[in-house]
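To be precise, the following lines are my_file-v1.cif, and they hold mmCIF, C-alpha atoms and all ligand atoms.
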```cif
data_query
loop_
_atom_site.group_PDB
_atom_site.id
_atom_site.type_symbol
_atom_site.label_atom_id
_atom_site.label_comp_id
_atom_site.auth_asym_id
_atom_site.auth_seq_id
_atom_site.Cartn_x
_atom_site.Cartn_y
_atom_site.Cartn_z
ATOM 1 C CA MET A 1 -25.121 -11.335 -4.321
ATOM 2 C CA THR A 2 -25.012 -7.902 -2.729
ATOM 3 C CA ALA A 3 -22.103 -6.442 -0.847
ATOM 4 C CA THR A 4 -23.453 -7.087 2.607
ATOM 5 C CA GLU A 5 -23.817 -10.776 1.799
ATOM 6 C CA PHE A 6 -20.086 -11.199 1.205
ATOM 7 C CA GLU A 7 -18.850 -13.816 3.576
ATOM 8 C CA LEU A 8 -15.661 -13.007 5.393
ATOM 9 C CA THR A 9 -13.804 -15.949 3.962
ATOM 10 C CA LEU A 10 -11.238 -16.384 1.223
ATOM 11 C CA THR A 11 -11.023 -18.954 -1.523
ATOM 12 C CA VAL A 12 -7.861 -21.031 -1.850
ATOM 13 C CA GLU A 13 -6.905 -18.874 -4.855
ATOM 14 C CA GLU A 14 -7.368 -15.713 -2.791
ATOM 15 C CA GLU A 15 -5.266 -17.102 0.075
ATOM 16 C CA ALA A 16 -2.387 -17.244 -2.395
ATOM 17 C CA LEU A 17 -2.716 -13.478 -2.949
ATOM 18 C CA LEU A 18 -2.069 -12.553 0.686
ATOM 19 C CA PRO A 19 1.221 -10.902 1.599
ATOM 20 C CA SER A 20 3.872 -13.338 2.796
ATOM 21 C CA GLU A 21 5.675 -12.923 6.132
ATOM 22 C CA GLN A 22 8.466 -11.346 4.098
ATOM 23 C CA ASP A 23 6.021 -8.869 2.533
ATOM 24 C CA VAL A 24 4.674 -7.978 5.974
ATOM 25 C CA ALA A 25 8.229 -7.382 7.198
ATOM 26 C CA PHE A 26 8.864 -5.223 4.110
ATOM 27 C CA TYR A 27 5.766 -3.142 4.891
ATOM 28 C CA ALA A 28 6.881 -2.746 8.505
ATOM 29 C CA ALA A 29 10.291 -1.507 7.334
ATOM 30 C CA HIS A 30 9.251 0.648 4.352
ATOM 31 C CA GLY A 31 5.692 1.786 5.163
ATOM 32 C CA TRP A 32 4.244 0.737 1.817
ATOM 33 C CA TYR A 33 3.411 -2.457 -0.096
ATOM 34 C CA LEU A 34 2.399 -3.158 -3.698
ATOM 35 C CA SER A 35 -0.083 -6.023 -3.619
ATOM 36 C CA LYS A 36 -0.658 -8.894 -5.978
ATOM 37 C CA LYS A 37 -3.649 -8.709 -8.332
ATOM 38 C CA LEU A 38 -6.463 -8.467 -5.779
ATOM 39 C CA LEU A 39 -9.178 -7.338 -8.195
ATOM 40 C CA THR A 40 -10.038 -9.113 -11.435
ATOM 41 C CA ASP A 41 -10.224 -7.086 -14.645
ATOM 42 C CA ASP A 42 -14.011 -7.491 -14.463
ATOM 43 C CA GLU A 43 -14.079 -6.037 -10.956
ATOM 44 C CA VAL A 44 -11.906 -3.088 -11.951
ATOM 45 C CA ASP A 45 -14.046 -2.459 -15.023
ATOM 46 C CA ALA A 46 -17.163 -2.640 -12.835
ATOM 47 C CA LEU A 47 -15.552 -0.047 -10.553
ATOM 48 C CA THR A 48 -14.999 2.258 -13.545
ATOM 49 C CA ALA A 49 -18.583 1.794 -14.759
ATOM 50 C CA ALA A 50 -19.919 2.442 -11.247
ATOM 51 C CA ALA A 51 -17.758 5.579 -10.981
ATOM 52 C CA ASP A 52 -19.189 6.815 -14.295
ATOM 53 C CA ARG A 53 -22.710 6.325 -12.954
ATOM 54 C CA TYR A 54 -21.732 8.056 -9.714
ATOM 55 C CA TYR A 55 -20.476 11.076 -11.690
ATOM 56 C CA ASP A 56 -23.774 11.015 -13.622
ATOM 57 C CA GLY A 57 -25.495 11.555 -10.279
ATOM 58 C CA GLU A 58 -26.455 7.996 -9.321
ATOM 59 C CA ARG A 59 -26.679 7.457 -5.543
ATOM 60 C CA ASP A 60 -28.169 4.629 -3.481
ATOM 61 C CA ARG A 61 -28.328 6.841 -0.401
ATOM 62 C CA ARG A 62 -27.052 10.229 0.673
ATOM 63 C CA LEU A 63 -25.409 11.564 3.782
ATOM 64 C CA PRO A 64 -28.118 12.899 6.111
ATOM 65 C CA VAL A 65 -26.028 15.994 6.919
ATOM 66 C CA ARG A 66 -23.047 17.584 5.241
ATOM 67 C CA PRO A 67 -19.967 17.170 7.456
ATOM 68 C CA PRO A 68 -17.762 20.260 7.867
ATOM 69 C CA ARG A 69 -14.800 19.142 5.747
ATOM 70 C CA LEU A 70 -16.430 16.948 3.148
ATOM 71 C CA ALA A 71 -14.695 16.504 -0.222
ATOM 72 C CA TYR A 72 -17.531 16.461 -2.712
ATOM 73 C CA TRP A 73 -16.772 17.400 -6.319
ATOM 74 C CA ASP A 74 -19.709 18.239 -8.575
ATOM 75 C CA PRO A 75 -19.747 19.441 -12.179
ATOM 76 C CA SER A 76 -20.000 23.080 -11.105
ATOM 77 C CA LYS A 77 -16.389 22.797 -9.814
ATOM 78 C CA GLY A 78 -15.127 22.292 -13.369
ATOM 79 C CA PRO A 79 -12.092 20.398 -14.691
ATOM 80 C CA VAL A 80 -10.091 20.340 -11.458
ATOM 81 C CA GLN A 81 -8.983 17.177 -9.674
ATOM 82 C CA ARG A 82 -12.131 15.518 -8.314
ATOM 83 C CA HIS A 83 -12.422 14.131 -4.804
ATOM 84 C CA ASN A 84 -15.619 12.590 -3.424
ATOM 85 C CA ASP A 85 -15.761 11.107 0.081
ATOM 86 C CA TYR A 86 -18.050 8.394 1.454
ATOM 87 C CA VAL A 87 -18.541 6.695 -1.917
ATOM 88 C CA HIS A 88 -18.692 3.260 -0.216
ATOM 89 C CA HIS A 89 -21.730 4.575 1.657
ATOM 90 C CA GLU A 90 -23.484 6.467 -1.093
ATOM 91 C CA HIS A 91 -22.966 4.050 -3.986
ATOM 92 C CA ASP A 92 -23.527 0.298 -3.739
ATOM 93 C CA GLY A 93 -21.785 -0.465 -7.043
ATOM 94 C CA LEU A 94 -18.585 1.078 -5.689
ATOM 95 C CA GLY A 95 -19.189 -0.144 -2.131
ATOM 96 C CA ALA A 96 -19.630 -3.778 -3.140
ATOM 97 C CA ILE A 97 -16.140 -3.944 -4.601
ATOM 98 C CA LEU A 98 -14.521 -1.852 -1.869
ATOM 99 C CA ARG A 99 -15.894 -4.285 0.716
ATOM 100 C CA LYS A 100 -14.208 -7.263 -0.950
ATOM 101 C CA PRO A 101 -12.928 -9.383 1.972
ATOM 102 C CA LEU A 102 -9.600 -10.057 0.247
ATOM 103 C CA ILE A 103 -8.726 -6.348 0.478
ATOM 104 C CA GLY A 104 -9.468 -6.456 4.205
ATOM 105 C CA ALA A 105 -7.515 -9.679 4.660
ATOM 106 C CA VAL A 106 -4.440 -8.169 3.016
ATOM 107 C CA ALA A 107 -4.751 -5.052 5.188
ATOM 108 C CA ALA A 108 -5.163 -7.219 8.302
ATOM 109 C CA ARG A 109 -1.919 -9.045 7.560
ATOM 110 C CA LEU A 110 -0.038 -5.799 6.968
ATOM 111 C CA ALA A 111 -1.408 -4.096 10.079
ATOM 112 C CA ARG A 112 -1.169 -7.347 12.075
ATOM 113 C CA ALA A 113 -4.810 -6.824 13.034
ATOM 114 C CA THR A 114 -7.666 -9.310 13.481
ATOM 115 C CA GLU A 115 -10.354 -6.970 12.157
ATOM 116 C CA ILE A 116 -10.429 -4.352 9.404
ATOM 117 C CA ARG A 117 -13.182 -1.794 8.868
ATOM 118 C CA ILE A 118 -13.569 0.836 6.188
ATOM 119 C CA PHE A 119 -12.747 4.258 7.602
ATOM 120 C CA GLN A 120 -13.308 6.374 4.500
ATOM 121 C CA SER A 121 -13.329 6.027 0.735
ATOM 122 C CA THR A 122 -12.550 8.818 -1.695
ATOM 123 C CA LEU A 123 -13.237 8.601 -5.396
ATOM 124 C CA ILE A 124 -10.509 10.475 -7.273
ATOM 125 C CA TYR A 125 -10.281 11.715 -10.866
ATOM 126 C CA LYS A 126 -7.113 13.443 -11.963
ATOM 127 C CA PRO A 127 -7.876 15.071 -15.327
ATOM 128 C CA PRO A 128 -5.345 14.714 -18.154
ATOM 129 C CA VAL A 129 -4.333 18.373 -18.006
ATOM 130 C CA SER A 130 -0.580 18.552 -17.458
ATOM 131 C CA GLY A 131 -0.546 22.045 -15.935
ATOM 132 C CA GLU A 132 -3.598 21.638 -13.689
ATOM 133 C CA PRO A 133 -2.429 22.827 -10.232
ATOM 134 C CA SER A 134 -5.101 20.881 -8.333
ATOM 135 C CA ASN A 135 -3.647 17.644 -9.735
ATOM 136 C CA ILE A 136 -0.637 17.980 -7.442
ATOM 137 C CA VAL A 137 -1.154 16.145 -4.157
ATOM 138 C CA PRO A 138 1.137 17.785 -1.581
ATOM 139 C CA TRP A 139 3.327 15.686 0.724
ATOM 140 C CA HIS A 140 1.307 14.563 3.708
ATOM 141 C CA PHE A 141 0.604 11.519 5.799
ATOM 142 C CA ASP A 142 -2.935 10.399 6.443
ATOM 143 C CA LYS A 143 -2.672 10.320 10.249
ATOM 144 C CA HIS A 144 -2.488 14.127 10.038
ATOM 145 C CA TYR A 145 -6.200 14.046 9.237
ATOM 146 C CA TRP A 146 -7.057 11.355 11.773
ATOM 147 C CA ALA A 147 -5.989 12.892 15.077
ATOM 148 C CA SER A 148 -9.344 11.895 16.592
ATOM 149 C CA SER A 149 -8.549 8.227 15.887
ATOM 150 C CA SER A 150 -6.776 6.229 18.592
ATOM 151 C CA SER A 151 -5.028 3.833 16.232
ATOM 152 C CA GLU A 152 -1.465 4.229 14.991
ATOM 153 C CA ASN A 153 -1.914 1.289 12.606
ATOM 154 C CA MET A 154 -4.475 2.606 10.160
ATOM 155 C CA LEU A 155 -3.598 2.269 6.513
ATOM 156 C CA THR A 156 -4.741 3.193 3.028
ATOM 157 C CA ALA A 157 -5.260 1.130 -0.091
ATOM 158 C CA PHE A 158 -4.844 3.155 -3.276
ATOM 159 C CA ILE A 159 -6.857 1.465 -6.035
ATOM 160 C CA PRO A 160 -6.327 2.701 -9.589
ATOM 161 C CA MET A 161 -8.835 1.647 -12.266
ATOM 162 C CA HIS A 162 -6.119 0.994 -14.885
ATOM 163 C CA ASP A 163 -2.374 0.509 -15.117
ATOM 164 C CA CYS A 164 -1.019 3.515 -13.259
ATOM 165 C CA GLY A 165 2.526 4.704 -13.834
ATOM 166 C CA GLU A 166 4.617 7.811 -13.327
ATOM 167 C CA GLU A 167 3.237 9.621 -16.390
ATOM 168 C CA MET A 168 -0.219 9.569 -14.786
ATOM 169 C CA GLY A 169 1.003 11.187 -11.581
ATOM 170 C CA THR A 170 0.769 7.982 -9.588
ATOM 171 C CA ILE A 171 0.903 7.948 -5.792
ATOM 172 C CA THR A 172 4.495 8.325 -4.622
ATOM 173 C CA MET A 173 5.803 7.126 -1.263
ATOM 174 C CA VAL A 174 8.593 8.534 0.853
ATOM 175 C CA ASP A 175 10.264 5.270 1.736
ATOM 176 C CA GLY A 176 10.413 4.430 5.444
ATOM 177 C CA SER A 177 9.003 7.799 6.519
ATOM 178 C CA HIS A 178 6.361 6.177 8.769
ATOM 179 C CA ARG A 179 9.187 5.523 11.213
ATOM 180 C CA TRP A 180 10.334 9.153 11.377
ATOM 181 C CA THR A 181 9.721 11.270 14.402
ATOM 182 C CA GLU A 182 7.975 14.433 13.322
ATOM 183 C CA VAL A 183 9.210 18.001 13.784
ATOM 184 C CA GLY A 184 7.662 21.349 12.955
ATOM 185 C CA ALA A 185 4.101 20.150 12.631
ATOM 186 C CA ASP A 186 1.974 21.554 15.392
ATOM 187 C CA ASP A 187 -1.720 21.056 14.814
ATOM 188 C CA THR A 188 -2.209 24.417 13.125
ATOM 189 C CA VAL A 189 0.181 23.179 10.454
ATOM 190 C CA VAL A 190 -1.740 19.926 10.290
ATOM 191 C CA ARG A 191 -5.114 21.557 9.895
ATOM 192 C CA HIS A 192 -3.932 23.761 7.075
ATOM 193 C CA PHE A 193 -1.627 21.226 5.525
ATOM 194 C CA ALA A 194 -3.501 20.959 2.256
ATOM 195 C CA GLU A 195 -3.479 24.731 1.786
ATOM 196 C CA ARG A 196 0.261 25.148 2.199
ATOM 197 C CA ASP A 197 2.261 25.740 -0.937
ATOM 198 C CA ARG A 198 4.355 23.058 -2.469
ATOM 199 C CA ASP A 199 7.751 24.621 -1.677
ATOM 200 C CA GLN A 200 6.828 24.860 1.969
ATOM 201 C CA LEU A 201 5.813 21.220 2.021
ATOM 202 C CA GLU A 202 8.994 20.157 0.242
ATOM 203 C CA GLU A 203 10.837 22.109 2.922
ATOM 204 C CA MET A 204 8.895 20.472 5.750
ATOM 205 C CA LEU A 205 9.659 17.075 4.269
ATOM 206 C CA ALA A 206 13.352 17.926 3.986
ATOM 207 C CA GLU A 207 13.396 19.248 7.542
ATOM 208 C CA ASN A 208 11.804 16.061 8.850
ATOM 209 C CA ALA A 209 14.215 13.862 6.913
ATOM 210 C CA ALA A 210 17.185 15.865 8.247
ATOM 211 C CA HIS A 211 15.862 15.629 11.802
ATOM 212 C CA ASN A 212 15.772 11.858 11.379
ATOM 213 C CA GLY A 213 19.196 11.782 9.775
ATOM 214 C CA VAL A 214 17.953 10.161 6.570
ATOM 215 C CA ARG A 215 17.934 10.922 2.867
ATOM 216 C CA ILE A 216 14.540 11.294 1.166
ATOM 217 C CA ARG A 217 13.845 8.407 -1.179
ATOM 218 C CA LYS A 218 10.710 8.885 -3.275
ATOM 219 C CA VAL A 219 9.149 5.744 -4.718
ATOM 220 C CA PRO A 220 6.539 6.255 -7.452
ATOM 221 C CA MET A 221 4.186 3.278 -7.226
ATOM 222 C CA VAL A 222 3.917 1.661 -10.642
ATOM 223 C CA ILE A 223 0.631 -0.179 -10.201
ATOM 224 C CA PRO A 224 -0.701 -2.695 -12.722
ATOM 225 C CA LYS A 225 -4.484 -2.884 -13.149
ATOM 226 C CA GLY A 226 -6.063 -4.894 -10.324
ATOM 227 C CA HIS A 227 -3.125 -4.428 -7.957
ATOM 228 C CA LEU A 228 -3.370 -2.142 -4.914
ATOM 229 C CA SER A 229 -0.808 0.105 -3.291
ATOM 230 C CA PHE A 230 -0.985 0.101 0.523
ATOM 231 C CA HIS A 231 0.571 2.699 2.800
ATOM 232 C CA HIS A 232 0.857 3.110 6.558
ATOM 233 C CA CYS A 233 -0.936 6.111 8.106
ATOM 234 C CA ARG A 234 2.393 7.794 8.920
ATOM 235 C CA THR A 235 4.042 7.246 5.530
ATOM 236 C CA TYR A 236 4.569 10.524 3.676
ATOM 237 C CA HIS A 237 3.145 10.448 0.173
ATOM 238 C CA GLY A 238 1.965 12.735 -2.595
ATOM 239 C CA SER A 239 1.643 12.777 -6.345
ATOM 240 C CA GLY A 240 2.470 14.898 -9.362
ATOM 241 C CA ALA A 241 1.098 15.992 -12.713
ATOM 242 C CA ASN A 242 -0.858 13.760 -15.046
ATOM 243 C CA VAL A 243 0.920 14.077 -18.395
ATOM 244 C CA SER A 244 -0.439 10.810 -19.825
ATOM 245 C CA GLY A 245 -3.253 12.272 -21.910
ATOM 246 C CA ARG A 246 -5.682 9.968 -20.069
ATOM 247 C CA PRO A 247 -7.539 10.619 -16.815
ATOM 248 C CA ARG A 248 -6.029 9.010 -13.728
ATOM 249 C CA ARG A 249 -8.948 7.324 -12.000
ATOM 250 C CA ALA A 250 -8.690 5.751 -8.560
ATOM 251 C CA ILE A 251 -10.221 5.187 -5.169
ATOM 252 C CA SER A 252 -8.363 5.862 -1.984
ATOM 253 C CA LEU A 253 -9.692 3.352 0.551
ATOM 254 C CA HIS A 254 -8.803 4.318 4.097
ATOM 255 C CA LEU A 255 -8.891 1.410 6.523
ATOM 256 C CA GLN A 256 -8.969 1.100 10.300
ATOM 257 C CA ASP A 257 -7.937 -1.832 12.447
ATOM 258 C CA GLY A 258 -10.594 -3.247 14.783
ATOM 259 C CA ASP A 259 -9.194 -1.502 17.850
ATOM 260 C CA ASN A 260 -9.545 1.993 16.433
ATOM 261 C CA ALA A 261 -11.916 4.288 18.298
ATOM 262 C CA TRP A 262 -12.622 7.988 18.700
ATOM 263 C CA ARG A 263 -10.278 9.552 21.221
ATOM 264 C CA GLU A 264 -10.201 12.907 22.917
ATOM 265 C CA HIS A 265 -7.344 14.811 21.295
ATOM 266 C CA PRO A 266 -7.146 18.492 22.262
ATOM 267 C CA LEU A 267 -5.739 20.897 19.692
ATOM 268 C CA SER A 268 -3.693 23.970 20.537
ATOM 269 C CA ASP A 269 -6.708 26.289 20.265
ATOM 270 C CA GLY A 270 -8.497 24.306 22.965
ATOM 271 C CA THR A 271 -10.947 22.550 20.656
ATOM 272 C CA LEU A 272 -10.917 18.795 20.176
ATOM 273 C CA ALA A 273 -9.699 17.093 17.020
ATOM 274 C CA ALA A 274 -12.676 16.005 14.944
ATOM 275 C CA TYR A 275 -13.377 13.930 11.865
ATOM 276 C CA ASN A 276 -16.295 14.175 9.445
ATOM 277 C CA HIS A 277 -17.710 10.937 10.903
ATOM 278 C CA ASP A 278 -18.400 12.697 14.181
ATOM 279 C CA VAL A 279 -21.603 14.306 12.871
ATOM 280 C CA LEU A 280 -22.752 11.090 11.148
ATOM 281 C CA VAL A 281 -22.038 7.982 13.181
ATOM 282 C CA ARG A 282 -23.990 6.601 16.129
ATOM 283 C CA ARG A 283 -22.676 7.150 19.671
ATOM 284 C CA THR A 284 -20.983 4.586 21.875
ATOM 285 C CA HIS A 285 -22.584 3.793 25.245
ATOM 286 C CA ASP A 286 -20.456 6.544 26.809
ATOM 287 C CA GLY A 287 -21.399 9.126 24.204
ATOM 288 C CA ARG A 288 -18.379 9.102 21.867
ATOM 289 C CA PRO A 289 -18.674 8.973 18.062
ATOM 290 C CA ASP A 290 -18.617 5.261 17.197
ATOM 291 C CA TYR A 291 -16.027 4.544 14.515
ATOM 292 C CA ALA A 292 -17.427 0.995 14.375
ATOM 293 C CA ASP A 293 -20.876 2.119 13.202
ATOM 294 C CA PRO A 294 -21.578 -0.440 10.442
ATOM 295 C CA GLU A 295 -23.594 2.122 8.508
ATOM 296 C CA TYR A 296 -20.451 4.165 7.733
ATOM 297 C CA CYS A 297 -17.576 1.934 8.848
ATOM 298 C CA PRO A 298 -18.418 -1.612 7.765
ATOM 299 C CA VAL A 299 -16.237 -4.533 8.806
ATOM 300 C CA ILE A 300 -14.635 -6.002 5.680
ATOM 301 C CA TRP A 301 -12.421 -8.546 7.379
ATOM 302 C CA ARG A 302 -12.413 -10.431 10.642
ATOM 303 C CA HIS A 303 -9.943 -13.167 11.368
ATOM 304 C CA ARG A 304 -11.618 -16.548 11.894
ATOM 305 C CA ALA A 305 -10.536 -16.849 15.519
ATOM 306 C CA ALA A 306 -12.104 -13.431 16.119
ATOM 307 C CA GLN A 307 -15.311 -14.561 14.348
ATOM 308 C CA GLY A 308 -15.619 -17.333 16.913
ATOM 309 C CA GLY A 309 -15.534 -20.015 14.204
HETATM 310 O O1 LIG B 1 -4.205 10.713 -5.206
HETATM 311 C C1 LIG B 1 -3.051 10.546 -4.810
HETATM 312 O O2 LIG B 1 -2.096 10.485 -5.572
HETATM 313 C C2 LIG B 1 -2.790 10.412 -3.336
HETATM 314 C C3 LIG B 1 -3.973 9.887 -2.601
HETATM 315 C C4 LIG B 1 -3.753 9.906 -1.111
HETATM 316 O O3 LIG B 1 -3.331 10.859 -0.534
HETATM 317 C C5 LIG B 1 -4.087 8.686 -0.362
HETATM 318 O O4 LIG B 1 -4.473 7.671 -0.983
HETATM 319 O O5 LIG B 1 -3.970 8.708 0.869
HETATM 320 FE FE FE B 2 -3.146 10.474 1.622
#
```
Please rewrite the model in this file as structure tokens.
Amino acid sequence: MTATEFELTLTVEEEALLPSEQDVAFYAAHGWYLSKKLLTDDEVDALTAAADRYYDGERDRRLPVRPPRLAYWDPSKGPVQRHNDYVHHEHDGLGAILRKPLIGAVAARLARATEIRIFQSTLIYKPPVSGEPSNIVPWHFDKHYWASSSSENMLTAFIPMHDCGEEMGTITMVDGSHRWTEVGADDTVVRHFAERDRDQLEEMLAENAAHNGVRIRKVPMVIPKGHLSFHHCRTYHGSGANVSGRPRRAISLHLQDGDNAWREHPLSDGTLAAYNHDVLVRRTHDGRPDYADPEYCPVIWRHRAAQGG
């Protein structure tokens, strides 16, 4: 069975893996959620094998054009942290598992949405080099990169390919920060967020916490193999050094609720906010980039009532 033939239904066993009402309330309050075991060991191992083939150059299709801000590690970049976008599109072995309906169903519960589509997928490899500067993921929240998206409910599933603890530099959440109001981040800050130095970002985080009258509580996500860590698109997160002696391998699966669409969002320099999709996806009837283009943004979950069945 290929990925596209997945039916958008769950088995009875899978139903038991959905977040409870209590879990959904926890996510709403904290901005993150550690799932049950959504992927079998075989599925995680298949993900690892597919990632190995991807790094060996295997592709089922390629992007027709190179978007302006594409993350696309290749061996010429050397032993830095690797990031590769659009892997669900370019590699069917990875895509098949990333489109697993159960992942979408969990996201739908958390976001209280009836439909979930893939927005982006990034294959990540954090080499086991304790002093490697590129291994540090600076504090950010994903909505910073998605200003051209109308939704405030998008979310990310972080999917490690092994047990992932603090020693590996696991993803770390700033508890409850999705509910903060933001200060000091005009769009020039946002656009250059990734290039800012760590002290500055620590400072920005502290400033935002102070503005909201809260103490920063960092929660390293200790993720057993097969479990997924979900975070809201306004939850601050980052990650530190990998001192484990083993590579930290993961996929960051960015998800959009069914209502998400391209929106006109002017930046301070007069240009409009853009996303890499904008040069790839089909247009809507009124000429906007279509963030529901199934070629790049496949539906992975639709609630039965919304399926008309
Ligand atoms: O690789 C990490 O630790 C963080 C990944 C990330 O920023 C994300 O999943 O949104
Ligand atoms: Fe992120």
Open item on the list: If the PyMOL selection byres (((chain A and resi 136-145) around 6) and not hetatm) were run on this exact file, what residues would it hold? Put them as a PyMOL selection string.
Closed with: chain A and resi 133-135+146-147+190+233-241
Which centre and which edge lengths, in Å to one decimal, describe the axis-aligned box that holds all listed atoms of region 71-86 of chain A after 6 Å is added on each side, as AutoDock Vina command-line options?
```
--center_x -14.5 --center_y 15.7 --center_z -6.6 --size_x 23.0 --size_y 26.7 --size_z 28.1
```
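The shortest atom-to-atom distance to ligand LIG 1 (chain B), with all atoms listed in the file taken into account, belongs to A:Met173 out of A:Ala206, A:Cys297, A:Ile216, A:Met173.
Nearest to Glu43 (chain A) of all the residues A:His178, A:Arg246, A:Lys100, A:Arg282 is A:Lys100, counting all atoms listed in the file.
Taking CA of Glu207 (chain A) and CA of Glu167 (chain A) as endpoints, the distance between them is 27.7 Å.
Here the question is which of A:His254, A:Arg117, A:Arg179, A:Lys225 gets nearest to ligand FE 2 (chain B) using only C-alpha atoms and all ligand atoms, and that residue is A:His254.
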TODO: Would you mind listing what lies within 8 Å of Asp290 (chain A) as a list in words, with all atoms listed in the file counted and same-chain residues fewer than 3 positions away left out?
DONE: Ala261, Trp262, Val281, Arg282, Arg283, Thr284 and Asp293 of chain A
Task: Neighbour list for region 111-113 of chain A as a PyMOL selection string, cut-off 12 Å, only C-alpha atoms, skip fewer than 2 positions in-chain - done: chain A and resi 19+21+23-28+31-33+104-109+115-117+151-156+230-233+255-260+301-306
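Here CA of Ser76 (chain A) stands at a distance of 12.0 Å from CA of Tyr55 (chain A).
With distances taken over all atoms listed in the file, A:Gly169 is the one residue among A:Gly169, A:Pro289, A:Pro224, A:Pro75 lying closest to ligand LIG 1 (chain B).
The nearest approach to Asn276 (chain A) among the residues A:Ser148, A:Arg217, A:Leu47, A:Ile124, with only C-alpha atoms taken into account, belongs to A:Ser148.
When all atoms listed in the file are used to measure the gap to ligand LIG 1 (chain B), the shortest distance among A:Lys126, A:Arg66, A:His265, A:Lys36 belongs to A:Lys126.
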TODO: Within 7 Å of Pro298 (chain A), counting all atoms listed in the file, which residues show up once you throw out same-chain ones fewer than 2 positions away? Write them as a PyMOL selection string, please.
DONE: chain A and resi 117-118+294-296+300
Same residues, C-alpha atoms, output as an mmCIF file, in the coordinates of the input:
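Output (selection_18.cif):
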```
data_model
loop_
_atom_site.group_PDB
_atom_site.id
_atom_site.type_symbol
_atom_site.label_atom_id
_atom_site.label_comp_id
_atom_site.auth_asym_id
_atom_site.auth_seq_id
_atom_site.Cartn_x
_atom_site.Cartn_y
_atom_site.Cartn_z
ATOM 1 C CA ARG A 117 -13.182 -1.794 8.868
ATOM 2 C CA ILE A 118 -13.569 0.836 6.188
ATOM 3 C CA PRO A 294 -21.578 -0.440 10.442
ATOM 4 C CA GLU A 295 -23.594 2.122 8.508
ATOM 5 C CA TYR A 296 -20.451 4.165 7.733
ATOM 6 C CA ILE A 300 -14.635 -6.002 5.680
#
```
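Once the PyMOL selection byres (((chain A and resi 130) around 8) and not hetatm) is applied to this file, the selection holds A:Pro128, A:Val129, A:Gly131, A:Glu132, A:Ala241, A:Asn242, A:Val243.
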At a cut-off of 6 Å, using only C-alpha atoms, what residues contact Ala71 (chain A)? Leave out same-chain residues fewer than 6 positions from it and give the result as a PDB file with C-alpha atoms, keeping the file's coordinate frame.
```pdb
ATOM      1  CA  HIS A  83     -12.422  14.131  -4.804  1.00  0.00           C
ATOM      2  CA  ASN A  84     -15.619  12.590  -3.424  1.00  0.00           C
ATOM      3  CA  ASP A  85     -15.761  11.107   0.081  1.00  0.00           C
TER       4      ASP A  85
END
```
TODO: May I have the residues at most 10 Å from (13.8, 13.4, 13.5) in the file's coordinates, counting only C-alpha atoms, as a PyMOL selection string?
DONE: chain A and resi 179-183+207-214
